[in-house]
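Just entry-v8.cif here, mmCIF, N, CA and C atoms:
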```
data_upload
#
loop_
_atom_site.label_atom_id
_atom_site.label_comp_id
_atom_site.auth_asym_id
_atom_site.auth_seq_id
_atom_site.Cartn_x
_atom_site.Cartn_y
_atom_site.Cartn_z
N GLY A 288 14.90 -37.11 0.21
CA GLY A 288 14.30 -37.45 1.49
C GLY A 288 15.32 -37.38 2.62
N TYR A 289 16.52 -37.96 2.35
CA TYR A 289 17.55 -37.95 3.38
C TYR A 289 18.01 -36.53 3.68
N ALA A 290 18.09 -35.70 2.67
CA ALA A 290 18.52 -34.32 2.86
C ALA A 290 17.58 -33.59 3.82
N MET A 291 16.28 -33.82 3.68
CA MET A 291 15.32 -33.17 4.59
C MET A 291 15.48 -33.68 6.01
N LEU A 292 15.77 -34.98 6.17
CA LEU A 292 15.99 -35.52 7.52
C LEU A 292 17.21 -34.87 8.16
N ILE A 293 18.28 -34.71 7.37
CA ILE A 293 19.50 -34.10 7.90
C ILE A 293 19.26 -32.62 8.18
N LYS A 294 18.57 -31.93 7.27
CA LYS A 294 18.31 -30.50 7.44
C LYS A 294 17.53 -30.22 8.71
N ASN A 295 16.55 -31.06 9.02
CA ASN A 295 15.69 -30.84 10.19
C ASN A 295 16.26 -31.44 11.47
N ASN A 296 17.39 -32.13 11.40
CA ASN A 296 18.00 -32.76 12.58
C ASN A 296 18.85 -31.73 13.30
N ARG A 297 18.45 -31.36 14.51
CA ARG A 297 19.20 -30.37 15.29
C ARG A 297 20.52 -30.91 15.80
N GLY A 298 20.71 -32.22 15.75
CA GLY A 298 21.96 -32.82 16.21
C GLY A 298 23.09 -32.68 15.20
N VAL A 299 22.77 -32.33 13.96
CA VAL A 299 23.78 -32.15 12.93
C VAL A 299 24.16 -30.67 12.89
N LEU A 300 25.46 -30.39 12.97
CA LEU A 300 25.93 -29.01 12.97
C LEU A 300 25.64 -28.34 11.63
N ASN A 301 25.40 -27.02 11.67
CA ASN A 301 25.15 -26.27 10.44
C ASN A 301 26.33 -26.35 9.48
N ALA A 302 27.56 -26.34 10.02
CA ALA A 302 28.74 -26.44 9.16
C ALA A 302 28.74 -27.77 8.41
N ASP A 303 28.33 -28.85 9.06
CA ASP A 303 28.27 -30.16 8.40
C ASP A 303 27.18 -30.17 7.33
N LYS A 304 26.06 -29.52 7.61
CA LYS A 304 24.98 -29.44 6.61
C LYS A 304 25.46 -28.68 5.37
N ILE A 305 26.18 -27.58 5.58
CA ILE A 305 26.70 -26.78 4.46
C ILE A 305 27.70 -27.60 3.66
N ASN A 306 28.59 -28.35 4.35
CA ASN A 306 29.57 -29.19 3.66
C ASN A 306 28.89 -30.26 2.81
N LEU A 307 27.71 -30.71 3.22
CA LEU A 307 26.95 -31.71 2.45
C LEU A 307 26.13 -31.07 1.33
N GLY A 308 26.14 -29.74 1.27
CA GLY A 308 25.37 -29.05 0.24
C GLY A 308 23.91 -28.88 0.59
N ILE A 309 23.60 -28.95 1.87
CA ILE A 309 22.22 -28.80 2.33
C ILE A 309 22.05 -27.38 2.86
N GLY A 310 21.01 -26.71 2.43
CA GLY A 310 20.75 -25.34 2.87
C GLY A 310 20.43 -25.27 4.35
N VAL A 311 20.80 -24.18 4.96
CA VAL A 311 20.57 -23.96 6.38
C VAL A 311 19.58 -22.81 6.53
N ASP A 312 18.57 -23.00 7.37
CA ASP A 312 17.58 -21.95 7.62
C ASP A 312 18.20 -20.83 8.43
N ASN A 313 17.80 -19.61 8.13
CA ASN A 313 18.24 -18.45 8.88
C ASN A 313 17.41 -18.38 10.16
N SER A 314 18.04 -18.51 11.30
CA SER A 314 17.31 -18.55 12.57
C SER A 314 17.08 -17.17 13.16
N THR A 315 17.68 -16.14 12.58
CA THR A 315 17.46 -14.79 13.09
C THR A 315 16.34 -14.13 12.29
N ILE A 316 15.36 -13.66 12.99
CA ILE A 316 14.21 -13.02 12.36
C ILE A 316 14.40 -11.51 12.46
N THR A 317 14.41 -10.87 11.33
CA THR A 317 14.55 -9.42 11.29
C THR A 317 13.18 -8.80 11.11
N PRO A 318 12.76 -7.96 12.06
CA PRO A 318 11.44 -7.35 11.91
C PRO A 318 11.39 -6.38 10.74
N VAL A 319 10.22 -6.29 10.12
CA VAL A 319 10.02 -5.35 9.02
C VAL A 319 9.84 -3.96 9.62
N PRO A 320 10.63 -2.99 9.19
CA PRO A 320 10.52 -1.66 9.78
C PRO A 320 9.27 -0.92 9.32
N VAL A 321 8.91 0.09 10.08
CA VAL A 321 7.80 0.97 9.70
C VAL A 321 8.21 1.71 8.42
N PRO A 322 7.33 1.80 7.42
CA PRO A 322 7.69 2.53 6.20
C PRO A 322 8.06 3.98 6.53
N ALA A 323 9.19 4.42 6.00
CA ALA A 323 9.67 5.78 6.25
C ALA A 323 9.26 6.74 5.14
N THR A 324 8.82 6.19 4.02
CA THR A 324 8.45 7.02 2.88
C THR A 324 6.93 7.08 2.76
N PHE A 325 6.46 7.87 1.82
CA PHE A 325 5.02 8.00 1.61
C PHE A 325 4.69 7.82 0.14
N PRO A 326 3.44 7.47 -0.17
CA PRO A 326 3.06 7.31 -1.57
C PRO A 326 2.92 8.65 -2.28
N LEU A 327 3.23 8.64 -3.55
CA LEU A 327 2.95 9.78 -4.42
C LEU A 327 1.75 9.39 -5.27
N LEU A 328 0.67 10.14 -5.13
CA LEU A 328 -0.56 9.84 -5.87
C LEU A 328 -0.61 10.66 -7.15
N ASN A 329 -1.11 10.02 -8.20
CA ASN A 329 -1.20 10.68 -9.49
C ASN A 329 -2.55 10.35 -10.11
N LEU A 330 -3.39 11.36 -10.30
CA LEU A 330 -4.67 11.16 -10.98
C LEU A 330 -4.41 11.13 -12.48
N VAL A 331 -4.62 9.98 -13.10
CA VAL A 331 -4.28 9.84 -14.52
C VAL A 331 -5.48 9.99 -15.44
N ALA A 332 -6.70 9.81 -14.90
CA ALA A 332 -7.89 9.96 -15.74
C ALA A 332 -9.08 10.31 -14.86
N ALA A 333 -9.96 11.11 -15.43
CA ALA A 333 -11.22 11.46 -14.77
C ALA A 333 -12.31 11.41 -15.82
N ILE A 334 -13.17 10.40 -15.72
CA ILE A 334 -14.31 10.28 -16.61
C ILE A 334 -15.55 10.42 -15.76
N PRO A 335 -16.72 10.54 -16.34
CA PRO A 335 -17.91 10.71 -15.52
C PRO A 335 -18.04 9.62 -14.45
N LEU A 336 -18.13 10.06 -13.20
CA LEU A 336 -18.32 9.23 -12.01
C LEU A 336 -17.19 8.24 -11.78
N GLN A 337 -15.99 8.55 -12.25
CA GLN A 337 -14.85 7.66 -12.01
C GLN A 337 -13.53 8.41 -12.09
N HIS A 338 -12.61 8.08 -11.16
CA HIS A 338 -11.25 8.58 -11.18
C HIS A 338 -10.31 7.38 -11.26
N ASP A 339 -9.23 7.51 -12.04
CA ASP A 339 -8.19 6.50 -12.12
C ASP A 339 -6.92 7.07 -11.51
N LEU A 340 -6.35 6.33 -10.54
CA LEU A 340 -5.14 6.78 -9.85
C LEU A 340 -4.00 5.79 -10.07
N ARG A 341 -2.80 6.31 -10.08
CA ARG A 341 -1.58 5.52 -10.03
C ARG A 341 -0.78 6.03 -8.84
N PHE A 342 0.13 5.20 -8.37
CA PHE A 342 0.94 5.62 -7.23
C PHE A 342 2.37 5.11 -7.38
N SER A 343 3.27 5.78 -6.68
CA SER A 343 4.67 5.36 -6.60
C SER A 343 5.17 5.74 -5.21
N ASP A 344 6.39 5.33 -4.93
CA ASP A 344 6.98 5.62 -3.63
C ASP A 344 7.77 6.94 -3.72
N SER A 345 7.75 7.71 -2.65
CA SER A 345 8.44 9.00 -2.67
C SER A 345 9.95 8.85 -2.83
N ALA A 346 10.51 7.71 -2.43
CA ALA A 346 11.95 7.49 -2.58
C ALA A 346 12.32 7.06 -4.00
N THR A 347 11.37 6.44 -4.71
CA THR A 347 11.62 5.96 -6.08
C THR A 347 10.45 6.36 -6.97
N PRO A 348 10.31 7.64 -7.28
CA PRO A 348 9.12 8.11 -8.01
C PRO A 348 8.99 7.58 -9.43
N ASP A 349 10.08 7.09 -10.03
CA ASP A 349 10.01 6.58 -11.40
C ASP A 349 9.66 5.09 -11.46
N SER A 350 9.50 4.46 -10.32
CA SER A 350 9.19 3.03 -10.26
C SER A 350 7.78 2.83 -9.72
N ARG A 351 7.12 1.79 -10.17
CA ARG A 351 5.78 1.48 -9.65
C ARG A 351 5.82 0.57 -8.43
N ALA A 352 7.00 0.17 -8.01
CA ALA A 352 7.15 -0.76 -6.89
C ALA A 352 6.83 -0.09 -5.56
N LYS A 353 6.25 -0.87 -4.67
CA LYS A 353 6.03 -0.41 -3.31
C LYS A 353 7.37 -0.47 -2.57
N PRO A 354 7.52 0.27 -1.49
CA PRO A 354 8.79 0.21 -0.76
C PRO A 354 8.96 -1.16 -0.08
N ALA A 355 10.20 -1.49 0.25
CA ALA A 355 10.48 -2.77 0.90
C ALA A 355 9.68 -2.88 2.19
N GLY A 356 9.04 -4.02 2.38
CA GLY A 356 8.26 -4.27 3.59
C GLY A 356 6.81 -3.84 3.52
N ALA A 357 6.45 -3.02 2.57
CA ALA A 357 5.06 -2.55 2.45
C ALA A 357 4.23 -3.60 1.72
N MET A 358 3.13 -3.99 2.35
CA MET A 358 2.22 -4.95 1.74
C MET A 358 1.26 -4.26 0.78
N GLY A 359 0.94 -3.02 1.09
CA GLY A 359 0.01 -2.27 0.27
C GLY A 359 -0.11 -0.84 0.76
N MET A 360 -1.16 -0.19 0.30
CA MET A 360 -1.35 1.23 0.59
C MET A 360 -2.77 1.45 1.10
N GLN A 361 -2.88 2.19 2.19
CA GLN A 361 -4.18 2.64 2.66
C GLN A 361 -4.52 3.88 1.85
N LEU A 362 -5.65 3.85 1.17
CA LEU A 362 -6.09 4.99 0.36
C LEU A 362 -7.39 5.52 0.94
N ILE A 363 -7.40 6.80 1.24
CA ILE A 363 -8.57 7.45 1.80
C ILE A 363 -9.13 8.40 0.75
N CYS A 364 -10.43 8.33 0.54
CA CYS A 364 -11.10 9.25 -0.36
C CYS A 364 -12.21 9.94 0.41
N HIS A 365 -12.10 11.24 0.56
CA HIS A 365 -13.14 12.03 1.21
C HIS A 365 -13.88 12.81 0.13
N ILE A 366 -15.19 12.70 0.13
CA ILE A 366 -16.01 13.42 -0.85
C ILE A 366 -16.68 14.57 -0.13
N GLY A 367 -16.47 15.77 -0.65
CA GLY A 367 -17.06 16.94 -0.02
C GLY A 367 -17.19 18.08 -0.99
N THR A 368 -17.47 19.22 -0.43
CA THR A 368 -17.58 20.42 -1.24
C THR A 368 -16.18 20.98 -1.49
N ALA A 369 -16.08 22.13 -2.07
CA ALA A 369 -14.78 22.73 -2.36
C ALA A 369 -14.08 23.26 -1.11
N ALA A 370 -14.72 23.13 0.06
CA ALA A 370 -14.11 23.57 1.31
C ALA A 370 -12.93 22.66 1.64
N PRO A 371 -12.09 23.02 2.61
CA PRO A 371 -10.93 22.19 2.94
C PRO A 371 -11.32 20.76 3.32
N ALA A 372 -10.40 19.85 3.04
CA ALA A 372 -10.59 18.44 3.37
C ALA A 372 -10.62 18.26 4.89
N PRO A 373 -11.13 17.13 5.37
CA PRO A 373 -11.25 16.94 6.82
C PRO A 373 -9.88 16.82 7.49
N ALA A 374 -9.80 17.26 8.74
CA ALA A 374 -8.55 17.15 9.49
C ALA A 374 -8.28 15.70 9.88
N ASP A 375 -9.34 14.96 10.22
CA ASP A 375 -9.20 13.54 10.57
C ASP A 375 -9.43 12.70 9.32
N ARG A 376 -8.36 12.27 8.70
CA ARG A 376 -8.46 11.54 7.44
C ARG A 376 -9.22 10.23 7.58
N LEU A 377 -9.06 9.55 8.71
CA LEU A 377 -9.69 8.23 8.89
C LEU A 377 -11.20 8.31 9.09
N SER A 378 -11.75 9.51 9.27
CA SER A 378 -13.20 9.65 9.40
C SER A 378 -13.88 9.79 8.04
N SER A 379 -13.09 9.74 6.98
CA SER A 379 -13.63 9.93 5.64
C SER A 379 -14.52 8.76 5.22
N ARG A 380 -15.32 9.02 4.21
CA ARG A 380 -16.34 8.07 3.77
C ARG A 380 -15.78 6.79 3.16
N PHE A 381 -14.80 6.90 2.28
CA PHE A 381 -14.26 5.73 1.59
C PHE A 381 -12.85 5.43 2.07
N GLN A 382 -12.61 4.18 2.41
CA GLN A 382 -11.29 3.73 2.79
C GLN A 382 -10.99 2.45 2.01
N TYR A 383 -9.85 2.40 1.37
CA TYR A 383 -9.46 1.26 0.54
C TYR A 383 -8.10 0.75 0.99
N PHE A 384 -7.86 -0.54 0.77
CA PHE A 384 -6.52 -1.09 0.90
C PHE A 384 -6.12 -1.54 -0.49
N VAL A 385 -5.08 -0.93 -1.02
CA VAL A 385 -4.70 -1.10 -2.42
C VAL A 385 -3.37 -1.84 -2.51
N THR A 386 -3.32 -2.86 -3.37
CA THR A 386 -2.06 -3.57 -3.60
C THR A 386 -1.62 -3.50 -5.06
N ARG A 387 -2.53 -3.18 -5.96
CA ARG A 387 -2.21 -3.13 -7.40
C ARG A 387 -2.71 -1.81 -7.99
N GLN A 388 -2.15 -1.50 -9.14
CA GLN A 388 -2.59 -0.30 -9.84
C GLN A 388 -2.89 -0.62 -11.29
N PRO A 389 -3.64 0.20 -11.96
CA PRO A 389 -4.24 1.45 -11.51
C PRO A 389 -5.42 1.19 -10.56
N VAL A 390 -5.76 2.21 -9.81
CA VAL A 390 -6.88 2.15 -8.87
C VAL A 390 -8.03 2.92 -9.50
N LYS A 391 -9.16 2.27 -9.63
CA LYS A 391 -10.36 2.91 -10.19
C LYS A 391 -11.33 3.18 -9.04
N ILE A 392 -11.66 4.44 -8.86
CA ILE A 392 -12.61 4.85 -7.82
C ILE A 392 -13.90 5.26 -8.51
N ASN A 393 -14.98 4.56 -8.17
CA ASN A 393 -16.29 4.86 -8.75
C ASN A 393 -17.13 5.66 -7.77
N PHE A 394 -17.93 6.56 -8.30
CA PHE A 394 -18.76 7.43 -7.48
C PHE A 394 -20.23 7.23 -7.80
N GLN A 395 -21.07 7.71 -6.92
CA GLN A 395 -22.52 7.65 -7.09
C GLN A 395 -23.00 8.92 -7.80
N PRO A 396 -24.14 8.86 -8.47
CA PRO A 396 -24.65 10.05 -9.17
C PRO A 396 -24.82 11.27 -8.25
N GLU A 397 -25.13 11.05 -6.98
CA GLU A 397 -25.30 12.19 -6.07
C GLU A 397 -23.96 12.87 -5.72
N ASP A 398 -22.82 12.26 -6.12
CA ASP A 398 -21.51 12.86 -5.88
C ASP A 398 -21.09 13.84 -6.98
N MET A 399 -21.87 13.92 -8.08
CA MET A 399 -21.52 14.82 -9.19
C MET A 399 -21.40 16.26 -8.68
N GLY A 400 -20.37 16.94 -9.14
CA GLY A 400 -20.16 18.33 -8.76
C GLY A 400 -19.40 18.51 -7.46
N LYS A 401 -19.18 17.44 -6.71
CA LYS A 401 -18.42 17.52 -5.46
C LYS A 401 -16.94 17.31 -5.77
N THR A 402 -16.13 17.39 -4.74
CA THR A 402 -14.69 17.20 -4.89
C THR A 402 -14.26 15.96 -4.12
N ALA A 403 -13.37 15.16 -4.73
CA ALA A 403 -12.78 13.99 -4.06
C ALA A 403 -11.38 14.36 -3.59
N TYR A 404 -11.13 14.16 -2.30
CA TYR A 404 -9.82 14.43 -1.70
C TYR A 404 -9.17 13.08 -1.40
N TYR A 405 -7.95 12.87 -1.86
CA TYR A 405 -7.25 11.60 -1.68
C TYR A 405 -6.03 11.77 -0.79
N PHE A 406 -5.84 10.79 0.13
CA PHE A 406 -4.68 10.69 1.00
C PHE A 406 -4.26 9.23 1.01
N ALA A 407 -3.00 8.94 1.24
CA ALA A 407 -2.56 7.55 1.28
C ALA A 407 -1.34 7.41 2.19
N ARG A 408 -1.12 6.17 2.65
CA ARG A 408 0.08 5.82 3.40
C ARG A 408 0.35 4.34 3.23
N TRP A 409 1.63 3.96 3.32
CA TRP A 409 2.01 2.56 3.17
C TRP A 409 1.69 1.79 4.44
N GLN A 410 1.42 0.48 4.29
CA GLN A 410 1.14 -0.38 5.43
C GLN A 410 1.88 -1.69 5.27
N THR A 411 2.44 -2.20 6.38
CA THR A 411 3.11 -3.50 6.38
C THR A 411 2.10 -4.60 6.67
N ALA A 412 2.54 -5.85 6.58
CA ALA A 412 1.67 -7.00 6.86
C ALA A 412 1.23 -7.00 8.33
N LYS A 413 2.02 -6.43 9.21
CA LYS A 413 1.67 -6.37 10.63
C LYS A 413 0.82 -5.16 10.99
N GLY A 414 0.49 -4.33 10.00
CA GLY A 414 -0.36 -3.17 10.24
C GLY A 414 0.38 -1.90 10.58
N LEU A 415 1.71 -1.91 10.53
CA LEU A 415 2.47 -0.69 10.78
C LEU A 415 2.30 0.24 9.58
N VAL A 416 2.14 1.51 9.85
CA VAL A 416 1.89 2.47 8.76
C VAL A 416 2.93 3.58 8.77
N GLY A 417 3.18 4.09 7.57
CA GLY A 417 4.13 5.19 7.39
C GLY A 417 3.43 6.53 7.39
N PRO A 418 4.14 7.57 7.00
CA PRO A 418 3.56 8.91 6.98
C PRO A 418 2.54 9.07 5.84
N TRP A 419 1.65 10.04 6.01
CA TRP A 419 0.63 10.33 5.01
C TRP A 419 1.25 11.02 3.79
N SER A 420 0.63 10.78 2.67
CA SER A 420 1.01 11.47 1.44
C SER A 420 0.45 12.88 1.46
N ASP A 421 0.86 13.65 0.47
CA ASP A 421 0.22 14.95 0.27
C ASP A 421 -1.19 14.72 -0.27
N MET A 422 -2.06 15.67 -0.05
CA MET A 422 -3.44 15.58 -0.54
C MET A 422 -3.48 15.82 -2.05
N VAL A 423 -4.29 15.01 -2.71
CA VAL A 423 -4.58 15.21 -4.13
C VAL A 423 -6.09 15.34 -4.23
N ARG A 424 -6.58 16.28 -5.03
CA ARG A 424 -8.03 16.45 -5.16
C ARG A 424 -8.41 16.62 -6.61
N MET A 425 -9.67 16.25 -6.88
CA MET A 425 -10.20 16.34 -8.25
C MET A 425 -11.71 16.42 -8.14
N GLY A 426 -12.30 17.25 -8.98
CA GLY A 426 -13.74 17.35 -9.04
C GLY A 426 -14.34 16.08 -9.66
N ILE A 427 -15.55 15.76 -9.25
CA ILE A 427 -16.24 14.58 -9.77
C ILE A 427 -17.17 15.03 -10.87
N ALA A 428 -16.88 14.57 -12.08
CA ALA A 428 -17.68 14.95 -13.25
C ALA A 428 -18.87 14.02 -13.39
N GLY A 429 -19.90 14.54 -14.03
CA GLY A 429 -21.12 13.76 -14.21
C GLY A 429 -21.37 13.36 -15.63
#
```

Let me see the structure of the file written as structure tokens.
Amino acid sequence: GYAMLIKNNRGVLNADKINLGIGVDNSTITPVPVPATFPLLNLVAAIPLQHDLRFSDSATPDSRAKPAGAMGMQLICHIGTAAPAPADRLSSRFQYFVTRQPVKINFQPEDMGKTAYYFARWQTAKGLVGPWSDMVRMGIAG
């Protein structure tokens, strides 16, 4: 109890708190930078009306960890024909915020025979986003 009183007392110097073995709060706040890397998407399974995806960071492709400062990943899934994917990724039909893997994407029966185009980018807790990943596509089986 006394340690908390001393720790929160602004009249006690930080050096005196350290000498007493009381931790000192870091008063400098370092902003989380915008993610500089992008996700690497990997389609690991395709069963009827479902795709399973895994992801990693482009800087550490052998690790499943998100980059420092990233809270999660914005995942865009555009369902269309075999024609090129849309230029405006955010206008796509499905948008997900992903924090864990694997990611299971379920489709409707009317999507059979179409193609799913996937794009992703990292996002911080403040909403800052990094660059887009490369496009990954897979046909939707029925």

### Message
Residues of region 322-427 of chain A classed as strand (DSSP E) by DSSP on the backbone are to be reported as number ranges by chain.
### Response
A: 326-334, 337-344, 357-367, 381-385, 390-393, 402-411, 423-426

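For the structure shown here, the set of residues caught by the PyMOL selection byres ((chain A and resi 333-347) around 6.5) is Thr324, Phe325, Pro326, Leu327, Leu328, Asn329, Leu330, Val331, Ala332, Pro348, Asp349, Ser350, Arg351, Ala352, Lys353, Pro354, Gln388, Pro389, Val390, Lys391, Ile392, Asn393, Phe394, Gln395, Ile427, Ala428 and Gly429 of chain A.
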
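Excluding Ile309 (chain A) and any residue on its chain fewer than 5 positions from it, the residues at most 7 Å away by all atoms listed in the file are Ala290, Lys294, Asp303 and Lys304 of chain A.
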
### Task
Per DSSP on the backbone, filter chain A down to the residues in alpha helix (DSSP H) and report them as a VMD selection string.
chain A and resid 289 to 295 301 to 306

### Query
Do you know which residues are at most 12 Å from Asp312 (chain A) counting only C-alpha atoms, after dropping those on the same chain fewer than 6 positions away, and could you put them as a VMD selection string?
chain A and resid 291 294 to 297 301 304 to 305

Give me the result of the PyMOL selection byres ((chain A and resi 409) around 8) on this file, residue by residue, as a compact mmCIF listing (two decimals) with N, CA and C atoms, in the coordinates of the input.
```
# COMPACT_ATOMS: atom_id res chain seq x y z
N VAL A 321 8.91 0.09 10.08
CA VAL A 321 7.80 0.97 9.70
C VAL A 321 8.21 1.71 8.42
N PRO A 322 7.33 1.80 7.42
CA PRO A 322 7.69 2.53 6.20
C PRO A 322 8.06 3.98 6.53
N ALA A 323 9.19 4.42 6.00
CA ALA A 323 9.67 5.78 6.25
C ALA A 323 9.26 6.74 5.14
N THR A 324 8.82 6.19 4.02
CA THR A 324 8.45 7.02 2.88
C THR A 324 6.93 7.08 2.76
N PHE A 325 6.46 7.87 1.82
CA PHE A 325 5.02 8.00 1.61
C PHE A 325 4.69 7.82 0.14
N PRO A 326 3.44 7.47 -0.17
CA PRO A 326 3.06 7.31 -1.57
C PRO A 326 2.92 8.65 -2.28
N PRO A 354 7.52 0.27 -1.49
CA PRO A 354 8.79 0.21 -0.76
C PRO A 354 8.96 -1.16 -0.08
N GLY A 356 9.04 -4.02 2.38
CA GLY A 356 8.26 -4.27 3.59
C GLY A 356 6.81 -3.84 3.52
N ALA A 357 6.45 -3.02 2.57
CA ALA A 357 5.06 -2.55 2.45
C ALA A 357 4.23 -3.60 1.72
N MET A 358 3.13 -3.99 2.35
CA MET A 358 2.22 -4.95 1.74
C MET A 358 1.26 -4.26 0.78
N GLY A 359 0.94 -3.02 1.09
CA GLY A 359 0.01 -2.27 0.27
C GLY A 359 -0.11 -0.84 0.76
N MET A 360 -1.16 -0.19 0.30
CA MET A 360 -1.35 1.23 0.59
C MET A 360 -2.77 1.45 1.10
N GLN A 361 -2.88 2.19 2.19
CA GLN A 361 -4.18 2.64 2.66
C GLN A 361 -4.52 3.88 1.85
N LEU A 362 -5.65 3.85 1.17
CA LEU A 362 -6.09 4.99 0.36
C LEU A 362 -7.39 5.52 0.94
N ALA A 407 -3.00 8.94 1.24
CA ALA A 407 -2.56 7.55 1.28
C ALA A 407 -1.34 7.41 2.19
N ARG A 408 -1.12 6.17 2.65
CA ARG A 408 0.08 5.82 3.40
C ARG A 408 0.35 4.34 3.23
N GLN A 410 1.42 0.48 4.29
CA GLN A 410 1.14 -0.38 5.43
C GLN A 410 1.88 -1.69 5.27
N THR A 411 2.44 -2.20 6.38
CA THR A 411 3.11 -3.50 6.38
C THR A 411 2.10 -4.60 6.67
N ALA A 412 2.54 -5.85 6.58
CA ALA A 412 1.67 -7.00 6.86
C ALA A 412 1.23 -7.00 8.33
N GLY A 414 0.49 -4.33 10.00
CA GLY A 414 -0.36 -3.17 10.24
C GLY A 414 0.38 -1.90 10.58
N LEU A 415 1.71 -1.91 10.53
CA LEU A 415 2.47 -0.69 10.78
C LEU A 415 2.30 0.24 9.58
N VAL A 416 2.14 1.51 9.85
CA VAL A 416 1.89 2.47 8.76
C VAL A 416 2.93 3.58 8.77
N GLY A 417 3.18 4.09 7.57
CA GLY A 417 4.13 5.19 7.39
C GLY A 417 3.43 6.53 7.39
N PRO A 418 4.14 7.57 7.00
CA PRO A 418 3.56 8.91 6.98
C PRO A 418 2.54 9.07 5.84
N TRP A 419 1.65 10.04 6.01
CA TRP A 419 0.63 10.33 5.01
C TRP A 419 1.25 11.02 3.79
N SER A 420 0.63 10.78 2.67
CA SER A 420 1.01 11.47 1.44
C SER A 420 0.45 12.88 1.46
```

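What the PyMOL selection byres (((chain A and resi 366 and name CA) around 10) and name CA) matches in the given file is Ile363, Cys364, His365, Gly367, Thr368, Ala369, Ala372, Pro373, Ser379, Arg380, Phe381, Phe394, Asp398, Lys401, Thr402, Ala403, Tyr404, Tyr405, Arg424, Met425, Gly426 and Ile427 of chain A.
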
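Minimum distance to Gly310 (chain A) across A:Val423, A:Leu377, A:Gly298, A:Ile293 (counting only C-alpha atoms) occurs at A:Ile293.
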
### Query
Between atom C of Arg387 (chain A) and atom C of Pro371 (chain A), what is the spacing in Å?
26.7 Å

Enclose the full set of atoms of region 352-365 of chain A listed in the file within a box whose edges lie along x, y and z, apply 6 Å of padding to each of the six sides, and report centre and edge lengths in Å to one decimal as lines of an AutoDock Vina configuration file.
```
center_x = -1.7
center_y = 3.9
center_z = -2.2
size_x = 36.4
size_y = 29.8
size_z = 23.6
```

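Across the structure, CA of Val319 (chain A) and CA of Ser378 (chain A) are spaced 27.6 Å apart.
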
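Rounded to one decimal, CA of Gly288 (chain A) and CA of Leu300 (chain A) lie 18.4 Å from each other.
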